[in-house]
$ cat start_39.cif   # mmCIF, C-alpha atoms
data_my_file
loop_
_atom_site.label_atom_id
_atom_site.label_comp_id
_atom_site.auth_asym_id
_atom_site.auth_seq_id
_atom_site.Cartn_x
_atom_site.Cartn_y
_atom_site.Cartn_z
CA MET A 1300 -39.11 -156.31 136.04
CA ILE A 1301 -40.99 -153.22 137.22
CA ILE A 1302 -39.20 -151.25 139.92
CA ALA A 1303 -39.43 -147.78 141.43
CA ASP A 1304 -43.04 -147.58 140.26
CA LYS A 1305 -46.16 -146.63 142.13
CA LYS A 1306 -48.23 -149.39 143.64
CA GLU A 1307 -51.12 -150.45 141.46
CA LYS A 1308 -54.19 -149.21 143.28
CA GLY A 1309 -56.84 -146.58 143.09
CA LEU A 1310 -58.40 -145.77 139.74
CA LEU A 1311 -59.55 -148.57 137.48
CA SER A 1312 -57.33 -147.33 134.63
CA GLU A 1313 -54.24 -147.85 136.82
CA ARG A 1314 -55.35 -151.17 138.31
CA LEU A 1315 -56.14 -152.48 134.85
CA ARG A 1316 -52.83 -151.47 133.25
CA PRO A 1317 -50.74 -154.47 134.48
CA SER A 1318 -53.47 -156.78 133.18
CA LEU A 1319 -53.36 -155.08 129.78
CA ALA A 1320 -49.57 -155.38 129.63
CA LYS A 1321 -49.48 -158.96 130.86
CA GLN A 1322 -52.07 -160.14 128.35
CA ASN A 1323 -50.68 -158.03 125.48
CA TYR A 1324 -54.13 -156.48 125.35
CA LEU A 1325 -53.69 -153.45 123.15
CA LEU A 1326 -56.15 -151.48 121.06
CA GLY A 1327 -55.94 -149.26 117.99
CA SER A 1328 -52.61 -148.05 116.65
CA ALA A 1329 -50.86 -149.10 119.89
CA LYS A 1330 -51.38 -152.72 118.88
CA LYS A 1331 -49.85 -152.16 115.44
CA ILE A 1332 -46.93 -150.27 116.96
CA TRP A 1333 -46.24 -153.14 119.37
CA GLU A 1334 -46.33 -155.73 116.59
CA ARG A 1335 -44.49 -153.70 113.94
CA ASP A 1336 -42.50 -150.67 115.11
CA LEU A 1337 -41.29 -152.21 118.37
CA GLN A 1338 -40.43 -155.62 116.98
CA GLN A 1339 -36.77 -154.64 116.56
CA TRP A 1340 -36.63 -153.41 120.14
CA ARG A 1341 -38.08 -156.69 121.38
CA ASN A 1342 -35.53 -158.62 119.28
CA SER A 1343 -32.63 -156.98 121.15
CA HIS A 1344 -32.02 -154.09 118.69
CA LYS A 1345 -32.81 -151.40 121.21
CA PHE A 1346 -33.20 -147.67 120.64
CA HIS A 1347 -34.46 -144.63 122.52
CA ILE A 1348 -38.12 -143.80 121.94
CA ILE A 1349 -40.53 -140.90 122.27
CA LEU A 1350 -44.14 -142.08 122.31
CA TRP A 1351 -46.47 -139.19 121.59
CA GLY A 1352 -50.19 -138.92 121.14
CA PRO A 1353 -53.39 -137.90 122.94
CA PRO A 1354 -54.21 -138.94 126.52
CA GLY A 1355 -55.40 -142.51 127.04
CA SER A 1356 -54.07 -143.87 123.73
CA GLY A 1357 -51.71 -146.46 125.26
CA LYS A 1358 -48.32 -144.76 125.66
CA THR A 1359 -47.63 -145.87 129.23
CA THR A 1360 -48.98 -149.36 128.63
CA LEU A 1361 -46.67 -149.80 125.64
CA ALA A 1362 -43.69 -148.71 127.72
CA ARG A 1363 -44.58 -151.12 130.51
CA MET A 1364 -44.99 -153.95 128.02
CA LEU A 1365 -41.49 -153.30 126.71
CA GLY A 1366 -40.21 -153.41 130.27
CA GLU A 1367 -41.93 -156.73 130.95
CA ASP A 1368 -40.91 -158.19 127.60
CA SER A 1369 -37.23 -157.24 127.87
CA GLY A 1370 -36.68 -158.40 131.42
CA ILE A 1371 -34.42 -155.43 132.18
CA PRO A 1372 -35.15 -153.09 135.12
CA PHE A 1373 -37.99 -150.68 134.37
CA VAL A 1374 -38.03 -147.36 136.21
CA THR A 1375 -40.95 -144.95 136.01
CA LEU A 1376 -40.37 -141.21 136.41
CA SER A 1377 -42.64 -138.25 135.77
CA ALA A 1378 -41.36 -134.90 134.55
CA VAL A 1379 -44.17 -133.30 136.55
CA ARG A 1380 -42.51 -134.30 139.84
CA ASP A 1381 -39.02 -135.57 138.89
CA GLY A 1382 -36.10 -133.56 137.57
CA VAL A 1383 -32.37 -133.81 136.89
CA LYS A 1384 -31.54 -135.27 140.31
CA GLU A 1385 -34.05 -138.11 140.02
CA ILE A 1386 -33.01 -138.93 136.43
CA LYS A 1387 -29.33 -139.07 137.42
CA ASN A 1388 -30.09 -141.24 140.46
CA ALA A 1389 -32.14 -143.67 138.35
CA VAL A 1390 -29.31 -144.10 135.82
CA GLU A 1391 -26.63 -144.49 138.51
CA LYS A 1392 -28.70 -146.95 140.54
CA HIS A 1393 -29.95 -148.95 137.54
CA PRO A 1394 -27.40 -148.73 134.68
CA GLY A 1395 -28.76 -150.20 131.48
CA ALA A 1396 -32.34 -149.95 132.75
CA LEU A 1397 -35.35 -148.91 130.74
CA ILE A 1398 -36.27 -145.49 132.15
CA PHE A 1399 -39.75 -144.29 131.33
CA ILE A 1400 -40.23 -140.52 131.64
CA ASP A 1401 -43.90 -139.58 131.53
CA GLU A 1402 -44.85 -136.03 130.42
CA ILE A 1403 -41.29 -135.60 129.12
CA HIS A 1404 -42.26 -132.31 127.46
CA ARG A 1405 -42.47 -130.79 130.99
CA LEU A 1406 -38.66 -130.92 131.23
CA SER A 1407 -37.12 -127.53 130.46
CA ARG A 1408 -34.49 -127.29 127.72
CA ASN A 1409 -31.78 -127.14 130.40
CA GLN A 1410 -33.22 -130.24 132.09
CA GLN A 1411 -33.38 -132.02 128.74
CA ASP A 1412 -29.63 -131.56 128.35
CA ILE A 1413 -29.02 -134.10 131.13
CA LEU A 1414 -30.48 -136.75 128.82
CA LEU A 1415 -27.94 -136.17 126.04
CA PRO A 1416 -25.04 -138.26 127.43
CA ILE A 1417 -27.50 -140.94 128.55
CA LEU A 1418 -28.90 -141.12 125.02
CA GLU A 1419 -25.53 -140.81 123.29
CA TYR A 1420 -23.79 -143.59 125.22
CA SER A 1421 -26.89 -145.67 126.04
CA GLU A 1422 -26.20 -145.49 129.75
CA ALA A 1423 -29.88 -146.41 130.00
CA TRP A 1424 -32.71 -146.84 127.53
CA ILE A 1425 -34.99 -143.81 127.55
CA ILE A 1426 -38.68 -143.96 126.66
CA GLY A 1427 -40.46 -140.65 126.91
CA ALA A 1428 -44.21 -140.09 126.68
CA THR A 1429 -45.84 -136.81 125.72
CA THR A 1430 -49.17 -135.50 124.53
CA GLU A 1431 -47.38 -132.70 122.63
CA SER A 1432 -45.56 -132.82 119.31
CA PRO A 1433 -41.87 -133.63 119.99
CA THR A 1434 -40.75 -131.18 117.30
CA THR A 1435 -42.09 -128.25 119.33
CA GLU A 1436 -41.34 -129.48 122.86
CA LEU A 1437 -38.03 -131.34 122.64
CA SER A 1438 -34.65 -129.93 121.65
CA PRO A 1439 -33.06 -130.84 118.28
CA PRO A 1440 -30.18 -132.73 120.00
CA ILE A 1441 -32.76 -134.90 121.78
CA LEU A 1442 -34.75 -135.49 118.60
CA SER A 1443 -31.64 -136.57 116.68
CA ARG A 1444 -31.02 -139.36 119.19
CA VAL A 1445 -34.50 -140.83 119.58
CA ARG A 1446 -37.15 -142.44 117.44
CA SER A 1447 -40.52 -140.65 117.63
CA ILE A 1448 -43.63 -142.82 117.32
CA TYR A 1449 -47.13 -141.36 117.14
CA ILE A 1450 -50.08 -143.17 118.75
CA SER A 1451 -53.47 -142.09 117.46
CA PRO A 1452 -56.64 -141.84 119.62
CA LEU A 1453 -58.92 -144.86 119.86
CA ASN A 1454 -62.22 -145.01 118.04
CA GLU A 1455 -65.55 -145.68 119.79
CA GLN A 1456 -65.50 -149.40 119.03
CA GLU A 1457 -62.02 -149.77 120.51
CA ILE A 1458 -63.04 -147.78 123.60
CA SER A 1459 -66.01 -150.14 124.01
CA GLN A 1460 -63.66 -153.13 123.86
CA GLY A 1461 -61.50 -151.56 126.55
CA LEU A 1462 -64.53 -150.91 128.76
CA LEU A 1463 -65.69 -154.53 128.38
CA HIS A 1464 -62.22 -155.64 129.44
CA GLY A 1465 -62.47 -153.32 132.44
CA TYR A 1466 -65.89 -154.72 133.31
CA ASP A 1467 -64.56 -158.28 133.24
CA PHE A 1468 -61.60 -157.20 135.36
CA LEU A 1469 -63.89 -155.79 138.05
CA LYS A 1470 -66.06 -158.91 138.06
CA ASN A 1471 -63.04 -161.16 138.59
CA ASN A 1472 -60.82 -159.05 140.83
CA ASP A 1473 -62.84 -156.56 142.89
CA ASN A 1474 -64.59 -157.89 145.99
CA ASP A 1475 -66.71 -154.75 146.40
CA PHE A 1476 -67.95 -155.12 142.85
CA GLN A 1477 -68.64 -158.85 143.27
CA ASN A 1478 -70.87 -158.12 146.29
CA LYS A 1479 -72.82 -155.47 144.42
CA PHE A 1480 -75.80 -156.04 142.13
CA VAL A 1481 -75.03 -154.74 138.66
CA ASP A 1482 -77.46 -154.81 135.75
CA GLU A 1483 -75.19 -156.29 133.06
CA ILE A 1484 -77.63 -155.51 130.26
CA LYS A 1485 -77.72 -151.86 131.29
CA VAL A 1486 -73.93 -151.78 131.48
CA LYS A 1487 -73.43 -153.21 128.00
CA GLU A 1488 -76.34 -151.59 126.20
CA GLN A 1489 -76.41 -148.16 127.87
CA PHE A 1490 -73.31 -147.26 129.86
CA ILE A 1491 -70.58 -148.57 127.56
CA PRO A 1492 -71.95 -147.07 124.29
CA LYS A 1493 -72.61 -143.69 125.98
CA ILE A 1494 -69.19 -143.51 127.64
CA SER A 1495 -67.45 -144.60 124.43
CA GLN A 1496 -69.13 -141.76 122.57
CA MET A 1497 -68.13 -139.24 125.25
CA SER A 1498 -64.53 -140.38 125.56
CA GLY A 1499 -63.01 -138.61 122.58
CA GLY A 1500 -60.63 -141.55 122.09
CA ASP A 1501 -59.27 -141.40 125.67
CA LEU A 1502 -59.44 -144.87 127.23
CA ARG A 1503 -58.23 -143.62 130.63
CA PHE A 1504 -61.06 -141.08 130.78
CA ALA A 1505 -63.54 -143.76 129.68
CA LEU A 1506 -62.41 -146.33 132.28
CA ASN A 1507 -62.43 -143.85 135.14
CA LEU A 1508 -65.89 -142.55 134.20
CA PHE A 1509 -67.09 -146.14 133.83
CA GLU A 1510 -65.84 -146.96 137.34
CA ASN A 1511 -67.65 -143.94 138.80
CA ILE A 1512 -70.88 -144.90 137.08
CA ILE A 1513 -70.70 -148.60 137.91
CA TYR A 1514 -70.60 -147.95 141.65
CA CYS A 1515 -73.59 -145.60 141.71
CA ASN A 1516 -76.48 -146.60 143.97
CA ASN A 1517 -79.29 -145.07 141.96
CA GLU A 1518 -80.16 -143.44 138.65
CA GLU A 1519 -79.97 -139.94 140.11
CA GLU A 1520 -76.29 -140.44 140.95
CA GLU A 1521 -75.64 -141.83 137.47
CA ASN A 1522 -77.26 -138.83 135.78
CA ASP A 1523 -75.32 -136.43 137.98
CA ILE A 1524 -71.97 -138.03 137.10
CA PHE A 1525 -72.77 -138.11 133.40
CA LYS A 1526 -73.85 -134.46 133.51
CA ASN A 1527 -70.64 -133.32 135.19
CA SER A 1528 -68.41 -135.51 133.03
CA LEU A 1529 -69.77 -133.88 129.90
CA LYS A 1530 -67.54 -130.94 130.84
CA ALA A 1531 -64.50 -133.03 130.03
CA PHE A 1532 -62.61 -131.62 127.04
CA THR A 1533 -62.32 -134.51 124.61
CA ASN A 1534 -59.76 -134.78 121.83
CA LYS A 1535 -62.42 -134.04 119.23
CA ASN A 1536 -63.44 -130.85 121.02
CA HIS A 1537 -59.79 -130.04 121.59
CA TYR A 1538 -59.08 -129.76 117.87
CA ASP A 1539 -62.51 -128.45 116.87
CA PHE A 1540 -62.34 -125.44 119.20
CA ILE A 1541 -58.74 -124.58 118.35
CA SER A 1542 -59.52 -124.90 114.64
CA ALA A 1543 -62.52 -122.61 115.10
CA MET A 1544 -60.40 -120.07 117.01
CA ILE A 1545 -57.72 -120.00 114.30
CA LYS A 1546 -60.24 -119.70 111.46
CA SER A 1547 -62.00 -116.88 113.33
CA MET A 1548 -58.69 -115.02 113.78
CA ARG A 1549 -57.91 -115.56 110.09
CA GLY A 1550 -61.38 -114.22 109.27
CA SER A 1551 -60.75 -111.08 111.41
CA ASP A 1552 -63.56 -111.81 113.88
CA PRO A 1553 -62.12 -111.06 117.35
CA ASP A 1554 -65.37 -111.84 119.19
CA ALA A 1555 -65.63 -115.34 117.71
CA ALA A 1556 -61.91 -116.01 118.17
CA LEU A 1557 -62.05 -115.01 121.83
CA PHE A 1558 -65.23 -117.02 122.38
CA TYR A 1559 -63.60 -120.24 121.20
CA ALA A 1560 -60.39 -119.54 123.13
CA ILE A 1561 -62.20 -118.89 126.42
CA THR A 1562 -64.61 -121.78 125.89
CA ALA A 1563 -61.63 -124.07 125.33
CA LEU A 1564 -60.05 -122.79 128.57
CA ASP A 1565 -63.28 -123.32 130.52
CA LYS A 1566 -63.44 -126.88 129.24
CA GLY A 1567 -59.95 -127.64 130.50
CA GLU A 1568 -57.68 -126.79 127.57
CA ASP A 1569 -54.04 -126.05 128.38
CA PRO A 1570 -53.56 -122.25 127.97
CA ILE A 1571 -50.00 -122.86 126.79
CA PHE A 1572 -51.35 -124.92 123.89
CA ILE A 1573 -53.60 -122.02 122.85
CA ALA A 1574 -50.74 -119.53 123.21
CA ARG A 1575 -48.48 -121.74 121.09
CA ARG A 1576 -51.09 -121.76 118.31
CA CYS A 1577 -51.15 -117.95 118.48
CA VAL A 1578 -47.39 -117.80 117.99
CA ILE A 1579 -47.69 -119.97 114.88
CA PHE A 1580 -50.63 -117.90 113.60
CA ALA A 1581 -48.69 -114.66 114.08
CA SER A 1582 -46.09 -115.84 111.56
CA GLU A 1583 -48.22 -117.94 109.25
CA ASP A 1584 -51.27 -115.70 108.85
CA VAL A 1585 -50.16 -112.22 109.92
CA GLY A 1586 -46.52 -112.35 108.90
CA ASN A 1587 -44.81 -109.19 107.71
CA ALA A 1588 -48.08 -107.31 107.29
CA ASP A 1589 -47.64 -106.66 111.04
CA PRO A 1590 -44.29 -107.88 112.40
CA GLN A 1591 -45.30 -106.73 115.89
CA ALA A 1592 -47.82 -109.58 116.03
CA LEU A 1593 -45.13 -112.23 116.50
CA SER A 1594 -43.50 -110.29 119.36
CA LEU A 1595 -46.87 -109.89 121.04
CA ALA A 1596 -47.69 -113.58 120.64
CA VAL A 1597 -44.33 -114.71 122.06
CA ASN A 1598 -44.63 -112.25 124.97
CA ALA A 1599 -48.16 -113.49 125.69
CA TYR A 1600 -46.85 -117.06 125.71
CA LYS A 1601 -44.15 -116.07 128.23
CA ALA A 1602 -46.65 -114.09 130.32
CA ILE A 1603 -48.99 -117.08 130.59
CA GLU A 1604 -46.07 -119.28 131.63
CA CYS A 1605 -45.10 -116.65 134.22
CA VAL A 1606 -48.44 -115.87 135.87
CA GLY A 1607 -50.33 -119.12 135.25
CA MET A 1608 -54.09 -119.33 135.47
CA PRO A 1609 -56.59 -117.80 135.93
CA GLU A 1610 -54.68 -114.52 135.32
CA GLY A 1611 -53.13 -115.99 132.16
CA ARG A 1612 -56.46 -115.60 130.39
CA ILE A 1613 -55.87 -111.82 130.29
CA PRO A 1614 -52.72 -111.77 128.08
CA LEU A 1615 -54.30 -114.60 126.09
CA ALA A 1616 -57.36 -112.45 125.40
CA GLN A 1617 -55.08 -109.57 124.40
CA VAL A 1618 -53.15 -111.57 121.83
CA VAL A 1619 -56.17 -113.41 120.39
CA THR A 1620 -58.13 -110.19 119.82
CA TYR A 1621 -55.07 -108.42 118.37
CA LEU A 1622 -54.27 -111.24 115.94
CA ALA A 1623 -57.90 -111.33 114.83
CA SER A 1624 -58.03 -107.56 114.33
CA THR A 1625 -54.72 -106.80 112.61
CA MET A 1626 -53.82 -107.01 108.92
CA LYS A 1627 -53.06 -110.46 107.53
CA SER A 1628 -50.50 -111.88 105.11
CA ASN A 1629 -49.40 -115.46 104.47
CA LYS A 1630 -46.78 -114.44 101.89
CA ALA A 1631 -43.76 -115.46 103.98
CA TYR A 1632 -45.40 -118.83 104.67
CA LEU A 1633 -46.13 -119.39 100.96
CA ALA A 1634 -42.53 -118.50 100.07
CA ILE A 1635 -41.32 -121.59 101.99
CA GLU A 1636 -42.85 -124.02 99.52
CA ARG A 1637 -41.78 -121.93 96.53
CA VAL A 1638 -38.09 -121.98 97.40
CA ARG A 1639 -38.36 -125.64 98.41
CA LYS A 1640 -39.77 -126.39 94.95
CA TRP A 1641 -36.76 -124.67 93.39
CA ARG A 1642 -34.38 -126.84 95.42
CA ILE A 1643 -36.18 -130.08 94.56
CA GLN A 1644 -36.29 -129.19 90.87
CA ALA A 1645 -32.56 -128.42 90.82
CA GLU A 1646 -31.65 -131.62 92.68
CA GLU A 1647 -33.81 -133.75 90.37
CA ASN A 1648 -31.88 -132.32 87.40
CA GLY A 1649 -28.55 -132.97 89.07
CA TYR A 1650 -27.75 -129.28 89.48
CA SER A 1651 -25.36 -127.92 92.10
CA LEU A 1652 -26.73 -125.87 94.98
CA GLN A 1653 -23.37 -124.24 95.68
CA PRO A 1654 -23.73 -120.55 96.64
CA PRO A 1655 -21.87 -117.96 94.56
CA ASN A 1656 -18.21 -117.87 95.52
CA GLU A 1657 -18.48 -114.24 96.63
CA ILE A 1658 -20.76 -115.09 99.58
CA THR A 1659 -18.92 -118.18 100.80
CA ILE A 1660 -16.17 -118.12 103.42
CA LYS A 1661 -13.45 -118.69 100.87
CA GLY A 1662 -14.67 -115.81 98.72
CA LYS A 1663 -14.84 -113.23 101.51
CA ASN A 1664 -12.28 -110.97 99.80
CA GLN A 1665 -14.63 -110.66 96.81
CA TYR A 1666 -17.70 -109.95 98.92
CA LYS A 1667 -19.25 -106.52 98.49
CA TYR A 1668 -20.40 -105.24 101.88
CA PRO A 1669 -23.85 -103.64 101.27
CA HIS A 1670 -23.38 -101.03 104.00
CA ASN A 1671 -20.55 -99.52 101.99
CA PHE A 1672 -23.03 -98.60 99.25
CA GLU A 1673 -25.93 -96.18 98.91
CA ASN A 1674 -29.11 -97.36 100.66
CA SER A 1675 -27.04 -100.26 102.11
CA PHE A 1676 -27.63 -102.14 98.89
CA VAL A 1677 -25.46 -103.56 96.11
CA TYR A 1678 -26.88 -105.35 93.09
CA PHE A 1679 -25.85 -109.00 93.21
CA ASP A 1680 -27.46 -112.37 92.47
CA TYR A 1681 -27.18 -114.25 95.77
CA LEU A 1682 -28.87 -117.49 94.62
CA PRO A 1683 -26.95 -120.53 93.34
CA LYS A 1684 -26.60 -120.19 89.57
CA GLU A 1685 -28.99 -123.02 88.67
CA ILE A 1686 -31.61 -121.90 91.19
CA SER A 1687 -31.41 -118.40 89.72
CA ARG A 1688 -32.08 -119.87 86.26
CA ILE A 1689 -35.19 -121.66 87.59
CA LYS A 1690 -36.41 -118.44 89.17
CA GLN A 1691 -35.83 -116.47 85.96
CA LYS A 1692 -37.66 -119.11 83.96
CA GLU A 1693 -40.68 -118.90 86.27
CA ARG A 1694 -40.42 -115.07 86.25
CA VAL A 1695 -41.79 -114.84 89.77
CA ALA A 1696 -40.14 -114.29 93.13
CA ALA A 1697 -40.70 -116.65 96.05
CA TYR A 1698 -41.59 -113.90 98.49
CA LEU A 1699 -44.28 -111.61 97.10
CA PRO A 1700 -45.25 -109.07 99.79
CA SER A 1701 -48.89 -108.09 100.04
CA ASP A 1702 -50.36 -104.60 99.77
CA TYR A 1703 -51.22 -104.50 103.49
CA GLY A 1704 -49.61 -102.86 106.50
CA THR A 1705 -45.85 -103.01 106.92
CA GLU A 1706 -45.58 -105.48 104.06
CA LEU A 1707 -46.61 -102.80 101.57
CA ARG A 1708 -43.57 -100.76 102.64
CA LEU A 1709 -41.36 -103.84 102.18
CA LYS A 1710 -42.87 -104.43 98.75
CA ASN A 1711 -42.15 -100.87 97.63
CA ARG A 1712 -38.58 -100.98 98.92
CA LEU A 1713 -37.80 -104.28 97.19
CA ALA A 1714 -39.33 -103.05 93.93
CA GLU A 1715 -37.18 -99.92 94.06
CA LEU A 1716 -33.96 -101.79 94.85
CA TRP A 1717 -34.38 -104.58 92.28
CA LYS A 1718 -35.82 -102.52 89.43
CA LYS A 1719 -32.98 -103.04 86.93
CA PRO A 1720 -34.58 -104.56 83.79
CA SER A 1721 -31.74 -107.03 83.29
CA LYS A 1722 -32.71 -108.85 86.44
CA ILE A 1723 -35.93 -110.28 87.89
CA ASP A 1724 -38.17 -107.44 88.97
CA ASN A 1725 -41.35 -109.32 89.91
CA PHE A 1726 -41.75 -107.92 93.43
#

$ encode --input "start_39.cif" --output "structure tokens"
Amino acid sequence: MIIADKKEKGLLSERLRPSLAKQNYLLGSAKKIWERDLQQWRNSHKFHIILWGPPGSGKTTLARMLGEDSGIPFVTLSAVRDGVKEIKNAVEKHPGALIFIDEIHRLSRNQQDILLPILEYSEAWIIGATTESPTTELSPPILSRVRSIYISPLNEQEISQGLLHGYDFLKNNDNDFQNKFVDEIKVKEQFIPKISQMSGGDLRFALNLFENIIYCNNEEEENDIFKNSLKAFTNKNHYDFISAMIKSMRGSDPDAALFYAITALDKGEDPIFIARRCVIFASEDVGNADPQALSLAVNAYKAIECVGMPEGRIPLAQVVTYLASTMKSNKAYLAIERVRKWRIQAEENGYSLQPPNEITIKGKNQYKYPHNFENSFVYFDYLPKEISRIKQKERVAAYLPSDYGTELRLKNRLAELWKKPSKIDNF
């Protein structure tokens, strides 16, 4: 039962959606998810879900199908226009309903908190949809109470199948289309293959472009629409341009990095997505060679959120060119896997990971406070005993600072502090 939802009208992608849901007409990974991952849900073992993946991959259609299949009230909200008040009203008015929150990543962390009691006590069943990774956009308390399911983009063949379904829908349900002469051979041999190739895996984009093309009165109109639609930023371009920007920053080419960032913006990329990648890059690729880089990246992210576009391109240009120009080090990033390897090795051998007693709560009276000693340092092995043995056996530290920028100063300090020959001195 679909309630509190917008009337099905307008764009072909929206008019077609109820038909897709009713006929269980799914494509790509959405079909496998419906048949496999959501089988428990359909068999009365319900759980809260976050559906995430690129635009036009089937997230909303899957949610609607669950609503139709379960028979419980289905309420559609959008985090773009709806907030805490609307979520509360939906739960109070329809307890036990399936509440679909589109663009759930648009809820602020404070707004997300309203979902916690709903999720915890199943006051309603929440299905959120997002194009962003839940691990970066949703709070840990939310993530611990939901099941995240990724839906991958459709391939060209699957997009073509969707367009054929849309074509049949128009022939059978649209009076304007039925009264119009349409060259079916041209549709199937020219339009559908071309649109499928342009779509970047986005069925919504493909259907809406198809509808615009199908109602053209002459070839000049068709060419004009195709020409303008080529500006659409497809999923393939989305990742290609960001990958090129990151690799250019890593290669210390500010001109190339800025070119790809601005080109991505001009093609419709979300500036917040680009800024988020800069924050990651500042830690992963610049690291402690220039600790200021992370502060600059975070501040640029906040500035873009604050001023919006088009002015947001200015702090974005500042951070992209700085990250490309400054010294680089991935040593902190590499240290993550090294210490993780130590933990795994110890656990596989049945070793304890208990910290030394002196640095636990119960051993606080034995703890030697470094600030009471010269250079705020006291020689002590802080690792669990078995992990320390693994480290000594490998004779290499996890964090090995580079010889660049601030990290060189850190390297020299660590070498001076830990220089006693009886201990590991590989810094």

$ atom_distance --input "start_39.cif" --atom1 "atom CA of Glu1706 of chain A" --atom2 "atom CA of Phe1672 of chain A"
24.1 Å

$ resolve_selection --input "start_39.cif" --expression "the PyMOL selection byres ((chain A and resi 1407) around 12)" --output "PDB file with C-alpha atoms, in the coordinates of the input"
ATOM      1  CA  ALA A1378     -41.360-134.900 134.550  1.00  0.00           C
ATOM      2  CA  VAL A1379     -44.170-133.300 136.550  1.00  0.00           C
ATOM      3  CA  ASP A1381     -39.020-135.570 138.890  1.00  0.00           C
ATOM      4  CA  GLY A1382     -36.100-133.560 137.570  1.00  0.00           C
ATOM      5  CA  VAL A1383     -32.370-133.810 136.890  1.00  0.00           C
ATOM      6  CA  GLU A1402     -44.850-136.030 130.420  1.00  0.00           C
ATOM      7  CA  ILE A1403     -41.290-135.600 129.120  1.00  0.00           C
ATOM      8  CA  HIS A1404     -42.260-132.310 127.460  1.00  0.00           C
ATOM      9  CA  ARG A1405     -42.470-130.790 130.990  1.00  0.00           C
ATOM     10  CA  LEU A1406     -38.660-130.920 131.230  1.00  0.00           C
ATOM     11  CA  ARG A1408     -34.490-127.290 127.720  1.00  0.00           C
ATOM     12  CA  ASN A1409     -31.780-127.140 130.400  1.00  0.00           C
ATOM     13  CA  GLN A1410     -33.220-130.240 132.090  1.00  0.00           C
ATOM     14  CA  GLN A1411     -33.380-132.020 128.740  1.00  0.00           C
ATOM     15  CA  ASP A1412     -29.630-131.560 128.350  1.00  0.00           C
ATOM     16  CA  ILE A1413     -29.020-134.100 131.130  1.00  0.00           C
ATOM     17  CA  LEU A1414     -30.480-136.750 128.820  1.00  0.00           C
ATOM     18  CA  GLU A1436     -41.340-129.480 122.860  1.00  0.00           C
ATOM     19  CA  LEU A1437     -38.030-131.340 122.640  1.00  0.00           C
ATOM     20  CA  SER A1438     -34.650-129.930 121.650  1.00  0.00           C
TER      21      SER A1438
END

$ resolve_selection --input "start_39.cif" --expression "the PyMOL selection byres ((chain A and resi 1396) around 6)" --output "number ranges by chain"
A: 1371-1373, 1393-1395, 1397-1398, 1423

$ resolve_selection --input "start_39.cif" --expression "the PyMOL selection byres ((chain A and resi 1641) around 12)" --output "ChimeraX atom specification"
/A:1634-1640,1642-1648,1650-1652,1682-1693,1695-1697

$ closest_residue --input "start_39.cif" --among "A:Leu1315, A:Leu1557, A:Met1608, A:Ile1458" --to "Asn1471 of chain A" --atoms "only C-alpha atoms"
A:Leu1315

$ residues_near_point --input "start_39.cif" --point "(-66.7, -147.9, 133.0)" --cutoff "8 Å" --atoms "all atoms listed in the file" --output "CSV table (one decimal) with C-alpha atoms, keeping the file's coordinate frame"
chain,number,residue,atom,x,y,z
A,1462,LEU,CA,-64.5,-150.9,128.8
A,1465,GLY,CA,-62.5,-153.3,132.4
A,1466,TYR,CA,-65.9,-154.7,133.3
A,1490,PHE,CA,-73.3,-147.3,129.9
A,1491,ILE,CA,-70.6,-148.6,127.6
A,1494,ILE,CA,-69.2,-143.5,127.6
A,1505,ALA,CA,-63.5,-143.8,129.7
A,1506,LEU,CA,-62.4,-146.3,132.3
A,1507,ASN,CA,-62.4,-143.8,135.1
A,1508,LEU,CA,-65.9,-142.6,134.2
A,1509,PHE,CA,-67.1,-146.1,133.8
A,1510,GLU,CA,-65.8,-147.0,137.3
A,1511,ASN,CA,-67.6,-143.9,138.8
A,1512,ILE,CA,-70.9,-144.9,137.1
A,1513,ILE,CA,-70.7,-148.6,137.9

$ residues_around --input "start_39.cif" --residues "Ser1459 of chain A" --least-positions-apart "3" --cutoff "7 Å" --atoms "all atoms listed in the file" --output "list of chain:residue names"
A:Glu1455, A:Gln1456, A:Leu1462, A:Leu1463, A:Ile1491, A:Pro1492, A:Ser1495

$ write_last_selection --input "start_39.cif" --atoms "C-alpha atoms" --output "PDB file, in the frame of the given file"
ATOM      1  CA  GLU A1455     -65.550-145.680 119.790  1.00  0.00           C
ATOM      2  CA  GLN A1456     -65.500-149.400 119.030  1.00  0.00           C
ATOM      3  CA  LEU A1462     -64.530-150.910 128.760  1.00  0.00           C
ATOM      4  CA  LEU A1463     -65.690-154.530 128.380  1.00  0.00           C
ATOM      5  CA  ILE A1491     -70.580-148.570 127.560  1.00  0.00           C
ATOM      6  CA  PRO A1492     -71.950-147.070 124.290  1.00  0.00           C
ATOM      7  CA  SER A1495     -67.450-144.600 124.430  1.00  0.00           C
TER       8      SER A1495
END

$ atom_distance --input "start_39.cif" --atom1 "atom CA of Ala1329 of chain A" --atom2 "atom CA of Ile1448 of chain A"
9.9 Å

$ atom_distance --input "start_39.cif" --atom1 "atom CA of Glu1604 of chain A" --atom2 "atom CA of Ala1592 of chain A"
18.5 Å

$ closest_residue --input "start_39.cif" --among "A:Glu1521, A:Glu1313, A:Asp1501, A:Glu1457" --to "Leu1326 of chain A" --atoms "all atoms listed in the file"
A:Glu1457
